[in-house]
Amino acid sequence: MHRFLLTPRWWGINVFVALGVPFCLFMGTWQLGRFEDRVATHEEVTAARPADQAPAPLDSLLPVDKKTSGRLASASGEYAEQLLVPDRSLDGTSGFYVLTLLRTDSGKAVPVVRGWLPGTADAGRAPAAPTGHVEVTGALQPSENSSTKGVRAEGGLPAGQLGVIGAASLVNLVPYELYDAWLTVQTPADGLTAVPAQAPPNTGLDLKAFQNLGYTGEWFVFAAFVLFMWFRLYRREVETLRDAEAGLAAA
């Protein structure tokens, strides 16, 4: 009755099932592992930045990584050039960042986003930075790049405006060394609104993370479907042979 399982056609079917099911299970487990990694990283990053954590010196938190991104960093020096970062939304409202370079006591400069204002970027509306020696505390952020969400990387901006916050985009605008990071002040003055710190890339429980969970279910469904189709073909083959033995169908 079951000798048909040894025919060439069924050898091909059996090999496909023997390889397909483990492959689907492996891919499902891999996607599940990616989701669990995102959850673990999210919990680690959240735990590493308690709200009452004291600011740390800027140099001690560099280079920016998943643990130091969002940490409160402190730096001292004097404010220098001021730029505007247009087309930045906050709570669904379009506006612009007020960014000022802080020349630290070490001689290097760090971009400081002193706050956000609604509307079109206008230098006349941006309050001037404090003069003299200042102490600045802000949430540490990694340099942006062209793939960072919300940036304007195509260029063509007027003088005094910046599309991407980072050392690479500032290196030709200022004559001194730059930190590969930036700060966002969480208690701004002069009517500015604080720009919240963003979670490090690939650490939040966003849509992409839950896509991994969805893919996990899909791969397990594929594995079950392969087994279902094998059983269905097997059952149909057995029924055909029984019908033939009973003279109900041609053998």
# chains A, B, ... in the order shown; residues from 1 in each chain; ligands from 1

$ select_by_dssp --residues "range 19-220 of chain A" --states "helix (DSSP H, G or I)" --output "NGL selection string"
:A and (19-48 or 58-61 or 123-125 or 167-170 or 207-220)

$ write_last_selection --atoms "C-alpha atoms" --output "PDB file, in the first residue's frame"
ATOM      1  CA  LEU A  19      14.249  20.368   3.728  1.00  0.00           C
ATOM      2  CA  GLY A  20      11.380  22.852   3.676  1.00  0.00           C
ATOM      3  CA  VAL A  21      10.015  22.303   7.170  1.00  0.00           C
ATOM      4  CA  PRO A  22      13.358  22.743   9.000  1.00  0.00           C
ATOM      5  CA  PHE A  23      14.128  25.786   6.845  1.00  0.00           C
ATOM      6  CA  CYS A  24      10.792  27.429   7.733  1.00  0.00           C
ATOM      7  CA  LEU A  25      11.291  26.633  11.422  1.00  0.00           C
ATOM      8  CA  PHE A  26      14.818  28.045  11.301  1.00  0.00           C
ATOM      9  CA  MET A  27      13.662  31.279   9.655  1.00  0.00           C
ATOM     10  CA  GLY A  28      10.769  31.625  12.109  1.00  0.00           C
ATOM     11  CA  THR A  29      13.099  31.107  15.060  1.00  0.00           C
ATOM     12  CA  TRP A  30      15.569  33.615  13.597  1.00  0.00           C
ATOM     13  CA  GLN A  31      12.867  36.280  13.182  1.00  0.00           C
ATOM     14  CA  LEU A  32      11.646  35.585  16.722  1.00  0.00           C
ATOM     15  CA  GLY A  33      15.208  35.994  17.964  1.00  0.00           C
ATOM     16  CA  ARG A  34      15.473  39.362  16.241  1.00  0.00           C
ATOM     17  CA  PHE A  35      12.272  40.527  17.927  1.00  0.00           C
ATOM     18  CA  GLU A  36      13.496  39.300  21.315  1.00  0.00           C
ATOM     19  CA  ASP A  37      16.811  41.101  20.760  1.00  0.00           C
ATOM     20  CA  ARG A  38      14.917  44.336  20.053  1.00  0.00           C
ATOM     21  CA  VAL A  39      12.880  43.881  23.240  1.00  0.00           C
ATOM     22  CA  ALA A  40      16.005  43.175  25.286  1.00  0.00           C
ATOM     23  CA  THR A  41      17.853  46.142  23.783  1.00  0.00           C
ATOM     24  CA  HIS A  42      14.871  48.408  24.387  1.00  0.00           C
ATOM     25  CA  GLU A  43      14.735  47.363  28.035  1.00  0.00           C
ATOM     26  CA  GLU A  44      18.493  47.765  28.393  1.00  0.00           C
ATOM     27  CA  VAL A  45      18.506  51.220  26.852  1.00  0.00           C
ATOM     28  CA  THR A  46      15.535  52.332  28.938  1.00  0.00           C
ATOM     29  CA  ALA A  47      17.135  51.052  32.119  1.00  0.00           C
ATOM     30  CA  ALA A  48      20.433  52.754  31.246  1.00  0.00           C
ATOM     31  CA  LEU A  58      30.562  64.861  27.481  1.00  0.00           C
ATOM     32  CA  ASP A  59      33.931  63.223  26.816  1.00  0.00           C
ATOM     33  CA  SER A  60      33.124  60.342  29.170  1.00  0.00           C
ATOM     34  CA  LEU A  61      30.076  59.350  27.085  1.00  0.00           C
ATOM     35  CA  ALA A 123      16.834  83.875  11.926  1.00  0.00           C
ATOM     36  CA  GLY A 124      15.038  86.969  13.205  1.00  0.00           C
ATOM     37  CA  ARG A 125      12.828  84.811  15.435  1.00  0.00           C
ATOM     38  CA  ALA A 167      30.156  66.695  12.092  1.00  0.00           C
ATOM     39  CA  ALA A 168      30.195  65.667   8.419  1.00  0.00           C
ATOM     40  CA  SER A 169      27.765  68.430   7.444  1.00  0.00           C
ATOM     41  CA  LEU A 170      29.440  71.050   9.650  1.00  0.00           C
ATOM     42  CA  LEU A 207       6.702  48.890  13.501  1.00  0.00           C
ATOM     43  CA  LYS A 208       9.880  47.240  12.234  1.00  0.00           C
ATOM     44  CA  ALA A 209      10.265  45.303  15.476  1.00  0.00           C
ATOM     45  CA  PHE A 210       6.719  43.978  15.295  1.00  0.00           C
ATOM     46  CA  GLN A 211       7.240  43.113  11.637  1.00  0.00           C
ATOM     47  CA  ASN A 212       9.840  40.618  12.837  1.00  0.00           C
ATOM     48  CA  LEU A 213       7.191  39.117  15.110  1.00  0.00           C
ATOM     49  CA  GLY A 214       4.761  38.952  12.176  1.00  0.00           C
ATOM     50  CA  TYR A 215       7.356  37.251   9.987  1.00  0.00           C
ATOM     51  CA  THR A 216       7.867  34.708  12.778  1.00  0.00           C
ATOM     52  CA  GLY A 217       4.222  33.682  12.551  1.00  0.00           C
ATOM     53  CA  GLU A 218       4.367  33.559   8.752  1.00  0.00           C
ATOM     54  CA  TRP A 219       7.318  31.160   8.688  1.00  0.00           C
ATOM     55  CA  PHE A 220       5.670  28.828  11.203  1.00  0.00           C
TER      56      PHE A 220
END

$ residues_around --residues "Val64 in chain A" --least-positions-apart "4" --cutoff "8 Å" --atoms "only C-alpha atoms" --output "compact mmCIF listing (two decimals) with N, CA and C atoms, in the first residue's frame"
# COMPACT_ATOMS: atom_id res chain seq x y z
N THR A 68 24.82 55.10 25.75
CA THR A 68 25.03 56.51 26.09
C THR A 68 24.11 57.46 25.33
N SER A 69 23.52 56.99 24.24
CA SER A 69 22.59 57.85 23.50
C SER A 69 21.39 58.19 24.38
N LEU A 140 22.44 63.57 25.02
CA LEU A 140 23.41 63.23 23.98
C LEU A 140 22.74 62.47 22.84
N GLN A 141 23.07 62.86 21.61
CA GLN A 141 22.50 62.23 20.42
C GLN A 141 23.60 61.92 19.41
N PRO A 142 23.49 60.82 18.67
CA PRO A 142 24.48 60.53 17.63
C PRO A 142 24.29 61.45 16.44
N ALA A 181 28.82 64.13 17.60
CA ALA A 181 27.62 63.98 18.43
C ALA A 181 26.98 65.36 18.53

$ closest_residue --among "A:Val185, A:Ala75, A:Leu162, A:Ala126" --to "Val98 in chain A" --atoms "only C-alpha atoms"
A:Ala126

$ residues_around --residues "Gly115 in chain A" --least-positions-apart "4" --cutoff "8 Å" --atoms "only C-alpha atoms" --output "PyMOL selection string"
chain A and resi 97-99+184-185+188+192-195

$ closest_residue --among "A:Thr104, A:Asn145, A:Asn14, A:Thr187" --to "Trp116 in chain A" --atoms "only C-alpha atoms"
A:Thr187

$ atom_distance --atom1 "CA of Gly138 in chain A" --atom2 "CA of Lys108 in chain A"
16.7 Å

$ select_by_dssp --residues "range 148-201 of chain A" --states "strand (DSSP E)" --output "MDAnalysis selection string"
chainID A and resid 181:184

$ write_last_selection --atoms "all heavy atoms" --output "compact mmCIF listing (two decimals), in the first residue's frame"
# COMPACT_ATOMS: atom_id res chain seq x y z
N ALA A 181 28.82 64.13 17.60
CA ALA A 181 27.62 63.98 18.43
C ALA A 181 26.98 65.36 18.53
O ALA A 181 27.53 66.36 18.06
CB ALA A 181 27.99 63.46 19.81
N TRP A 182 25.80 65.41 19.15
CA TRP A 182 25.17 66.69 19.43
C TRP A 182 24.32 66.58 20.67
O TRP A 182 24.02 65.48 21.14
CB TRP A 182 24.36 67.21 18.24
CG TRP A 182 23.27 66.32 17.72
CD1 TRP A 182 23.42 65.21 16.96
CD2 TRP A 182 21.85 66.48 17.91
NE1 TRP A 182 22.20 64.65 16.66
CE2 TRP A 182 21.22 65.41 17.21
CE3 TRP A 182 21.05 67.41 18.57
CZ2 TRP A 182 19.83 65.26 17.19
CZ3 TRP A 182 19.68 67.26 18.54
CH2 TRP A 182 19.08 66.20 17.85
N LEU A 183 23.97 67.74 21.23
CA LEU A 183 23.19 67.79 22.45
C LEU A 183 21.87 68.49 22.19
O LEU A 183 21.80 69.42 21.39
CB LEU A 183 23.94 68.55 23.55
CG LEU A 183 25.33 68.04 23.95
CD1 LEU A 183 25.94 68.96 25.01
CD2 LEU A 183 25.25 66.62 24.48
N THR A 184 20.83 68.05 22.86
CA THR A 184 19.55 68.74 22.82
C THR A 184 19.19 69.14 24.24
O THR A 184 19.05 68.29 25.13
CB THR A 184 18.44 67.88 22.17
OG1 THR A 184 17.18 68.56 22.31
CG2 THR A 184 18.34 66.50 22.78

$ residues_around --residues "Arg3 in chain A" --least-positions-apart "5" --cutoff "12 Å" --atoms "only C-alpha atoms" --output "PDB file with N, CA, C and O atoms, in the first residue's frame"
ATOM      1  N   PRO A   8      10.013   7.775  -7.599  1.00  0.00           N
ATOM      2  CA  PRO A   8      10.784   9.018  -7.820  1.00  0.00           C
ATOM      3  C   PRO A   8       9.988  10.279  -7.497  1.00  0.00           C
ATOM      4  O   PRO A   8      10.527  11.227  -6.915  1.00  0.00           O
ATOM      5  N   ARG A   9       8.685  10.283  -7.892  1.00  0.00           N
ATOM      6  CA  ARG A   9       7.886  11.477  -7.619  1.00  0.00           C
ATOM      7  C   ARG A   9       7.781  11.740  -6.126  1.00  0.00           C
ATOM      8  O   ARG A   9       7.938  12.875  -5.656  1.00  0.00           O
ATOM      9  N   TRP A  10       7.542  10.683  -5.355  1.00  0.00           N
ATOM     10  CA  TRP A  10       7.410  10.870  -3.923  1.00  0.00           C
ATOM     11  C   TRP A  10       8.748  11.095  -3.231  1.00  0.00           C
ATOM     12  O   TRP A  10       8.812  11.731  -2.188  1.00  0.00           O
ATOM     13  N   TRP A  11       9.817  10.582  -3.829  1.00  0.00           N
ATOM     14  CA  TRP A  11      11.133  10.928  -3.297  1.00  0.00           C
ATOM     15  C   TRP A  11      11.354  12.441  -3.358  1.00  0.00           C
ATOM     16  O   TRP A  11      11.846  13.064  -2.418  1.00  0.00           O
ATOM     17  N   TYR A 234      -0.587  12.615   0.418  1.00  0.00           N
ATOM     18  CA  TYR A 234      -0.471  11.229   0.875  1.00  0.00           C
ATOM     19  C   TYR A 234      -1.862  10.589   0.998  1.00  0.00           C
ATOM     20  O   TYR A 234      -2.094   9.465   0.526  1.00  0.00           O
ATOM     21  N   GLU A 237      -3.363   9.884  -2.377  1.00  0.00           N
ATOM     22  CA  GLU A 237      -2.707   8.742  -3.027  1.00  0.00           C
ATOM     23  C   GLU A 237      -3.221   7.427  -2.447  1.00  0.00           C
ATOM     24  O   GLU A 237      -3.491   6.471  -3.185  1.00  0.00           O
ATOM     25  N   VAL A 238      -3.347   7.367  -1.108  1.00  0.00           N
ATOM     26  CA  VAL A 238      -3.837   6.144  -0.465  1.00  0.00           C
ATOM     27  C   VAL A 238      -5.278   5.859  -0.887  1.00  0.00           C
ATOM     28  O   VAL A 238      -5.631   4.706  -1.186  1.00  0.00           O
ATOM     29  N   LEU A 241      -5.359   4.403  -4.398  1.00  0.00           N
ATOM     30  CA  LEU A 241      -4.965   3.003  -4.438  1.00  0.00           C
ATOM     31  C   LEU A 241      -6.043   2.096  -3.876  1.00  0.00           C
ATOM     32  O   LEU A 241      -6.302   1.009  -4.408  1.00  0.00           O
TER      33      LEU A 241
END

$ atom_distance --atom1 "CA of Pro130 in chain A" --atom2 "CA of Leu102 in chain A"
10.7 Å

$ closest_residue --among "A:Gln198, A:Arg235, A:Ala129, A:Gly155" --to "Ser143 in chain A" --atoms "only C-alpha atoms"
A:Gln198

$ atom_distance --atom1 "CA of Asn172 in chain A" --atom2 "CA of Ser147 in chain A"
20.4 Å

$ decode --residues "range 174-196 of chain A" --atoms "N, CA, C and O atoms" --output "tab-separated table (two decimals), in the first residue's frame"
chain	number	residue	atom	x	y	z
A	174	VAL	N	32.64	75.44	9.76
A	174	VAL	CA	33.32	76.02	10.92
A	174	VAL	C	34.80	75.66	10.86
A	174	VAL	O	35.19	74.60	10.35
A	175	PRO	N	35.67	76.52	11.39
A	175	PRO	CA	37.12	76.31	11.27
A	175	PRO	C	37.74	75.55	12.42
A	175	PRO	O	38.95	75.66	12.65
A	176	TYR	N	36.97	74.79	13.17
A	176	TYR	CA	37.55	74.08	14.30
A	176	TYR	C	37.03	72.65	14.35
A	176	TYR	O	36.09	72.30	13.65
A	177	GLU	N	37.68	71.83	15.18
A	177	GLU	CA	37.29	70.42	15.29
A	177	GLU	C	35.91	70.28	15.92
A	177	GLU	O	35.47	71.13	16.69
A	178	LEU	N	35.25	69.17	15.56
A	178	LEU	CA	33.89	68.95	16.02
A	178	LEU	C	33.76	67.59	16.69
A	178	LEU	O	34.41	66.62	16.28
A	179	TYR	N	32.92	67.52	17.69
A	179	TYR	CA	32.56	66.24	18.26
A	179	TYR	C	31.58	65.54	17.32
A	179	TYR	O	30.74	66.18	16.68
A	180	ASP	N	31.69	64.22	17.23
A	180	ASP	CA	30.78	63.45	16.39
A	180	ASP	C	29.54	63.09	17.21
A	180	ASP	O	29.25	61.93	17.49
A	181	ALA	N	28.82	64.13	17.60
A	181	ALA	CA	27.62	63.98	18.43
A	181	ALA	C	26.98	65.36	18.53
A	181	ALA	O	27.53	66.36	18.06
A	182	TRP	N	25.80	65.41	19.15
A	182	TRP	CA	25.17	66.69	19.43
A	182	TRP	C	24.32	66.58	20.67
A	182	TRP	O	24.02	65.48	21.14
A	183	LEU	N	23.97	67.74	21.23
A	183	LEU	CA	23.19	67.79	22.45
A	183	LEU	C	21.87	68.49	22.19
A	183	LEU	O	21.80	69.42	21.39
A	184	THR	N	20.83	68.05	22.86
A	184	THR	CA	19.55	68.74	22.82
A	184	THR	C	19.19	69.14	24.24
A	184	THR	O	19.05	68.29	25.13
A	185	VAL	N	19.08	70.45	24.46
A	185	VAL	CA	18.80	70.98	25.79
A	185	VAL	C	17.37	70.62	26.18
A	185	VAL	O	16.43	70.86	25.42
A	186	GLN	N	17.19	70.07	27.36
A	186	GLN	CA	15.88	69.61	27.80
A	186	GLN	C	15.12	70.65	28.62
A	186	GLN	O	13.92	70.48	28.88
A	187	THR	N	15.80	71.73	29.01
A	187	THR	CA	15.13	72.83	29.73
A	187	THR	C	15.51	74.14	29.05
A	187	THR	O	16.25	74.95	29.62
A	188	PRO	N	15.00	74.38	27.84
A	188	PRO	CA	15.40	75.58	27.10
A	188	PRO	C	14.78	76.85	27.67
A	188	PRO	O	13.78	76.81	28.40
A	189	ALA	N	15.39	77.97	27.31
A	189	ALA	CA	14.89	79.28	27.73
A	189	ALA	C	14.45	80.07	26.50
A	189	ALA	O	14.40	79.55	25.39
A	190	ASP	N	14.13	81.34	26.71
A	190	ASP	CA	13.80	82.26	25.62
A	190	ASP	C	12.61	81.80	24.79
A	190	ASP	O	12.54	82.07	23.59
A	191	GLY	N	11.65	81.10	25.40
A	191	GLY	CA	10.45	80.71	24.68
A	191	GLY	C	10.62	79.53	23.76
A	191	GLY	O	9.68	79.18	23.01
A	192	LEU	N	11.76	78.89	23.77
A	192	LEU	CA	12.00	77.73	22.92
A	192	LEU	C	11.36	76.48	23.53
A	192	LEU	O	11.21	76.38	24.76
A	193	THR	N	11.00	75.53	22.69
A	193	THR	CA	10.44	74.25	23.14
A	193	THR	C	11.52	73.19	23.07
A	193	THR	O	12.26	73.11	22.08
A	194	ALA	N	11.61	72.37	24.10
A	194	ALA	CA	12.65	71.34	24.14
A	194	ALA	C	12.43	70.31	23.04
A	194	ALA	O	11.30	69.91	22.76
A	195	VAL	N	13.52	69.87	22.43
A	195	VAL	CA	13.48	68.80	21.43
A	195	VAL	C	13.78	67.49	22.15
A	195	VAL	O	14.88	67.30	22.67
A	196	PRO	N	12.82	66.58	22.24
A	196	PRO	CA	13.06	65.33	22.98
A	196	PRO	C	14.18	64.51	22.37
A	196	PRO	O	14.39	64.51	21.16
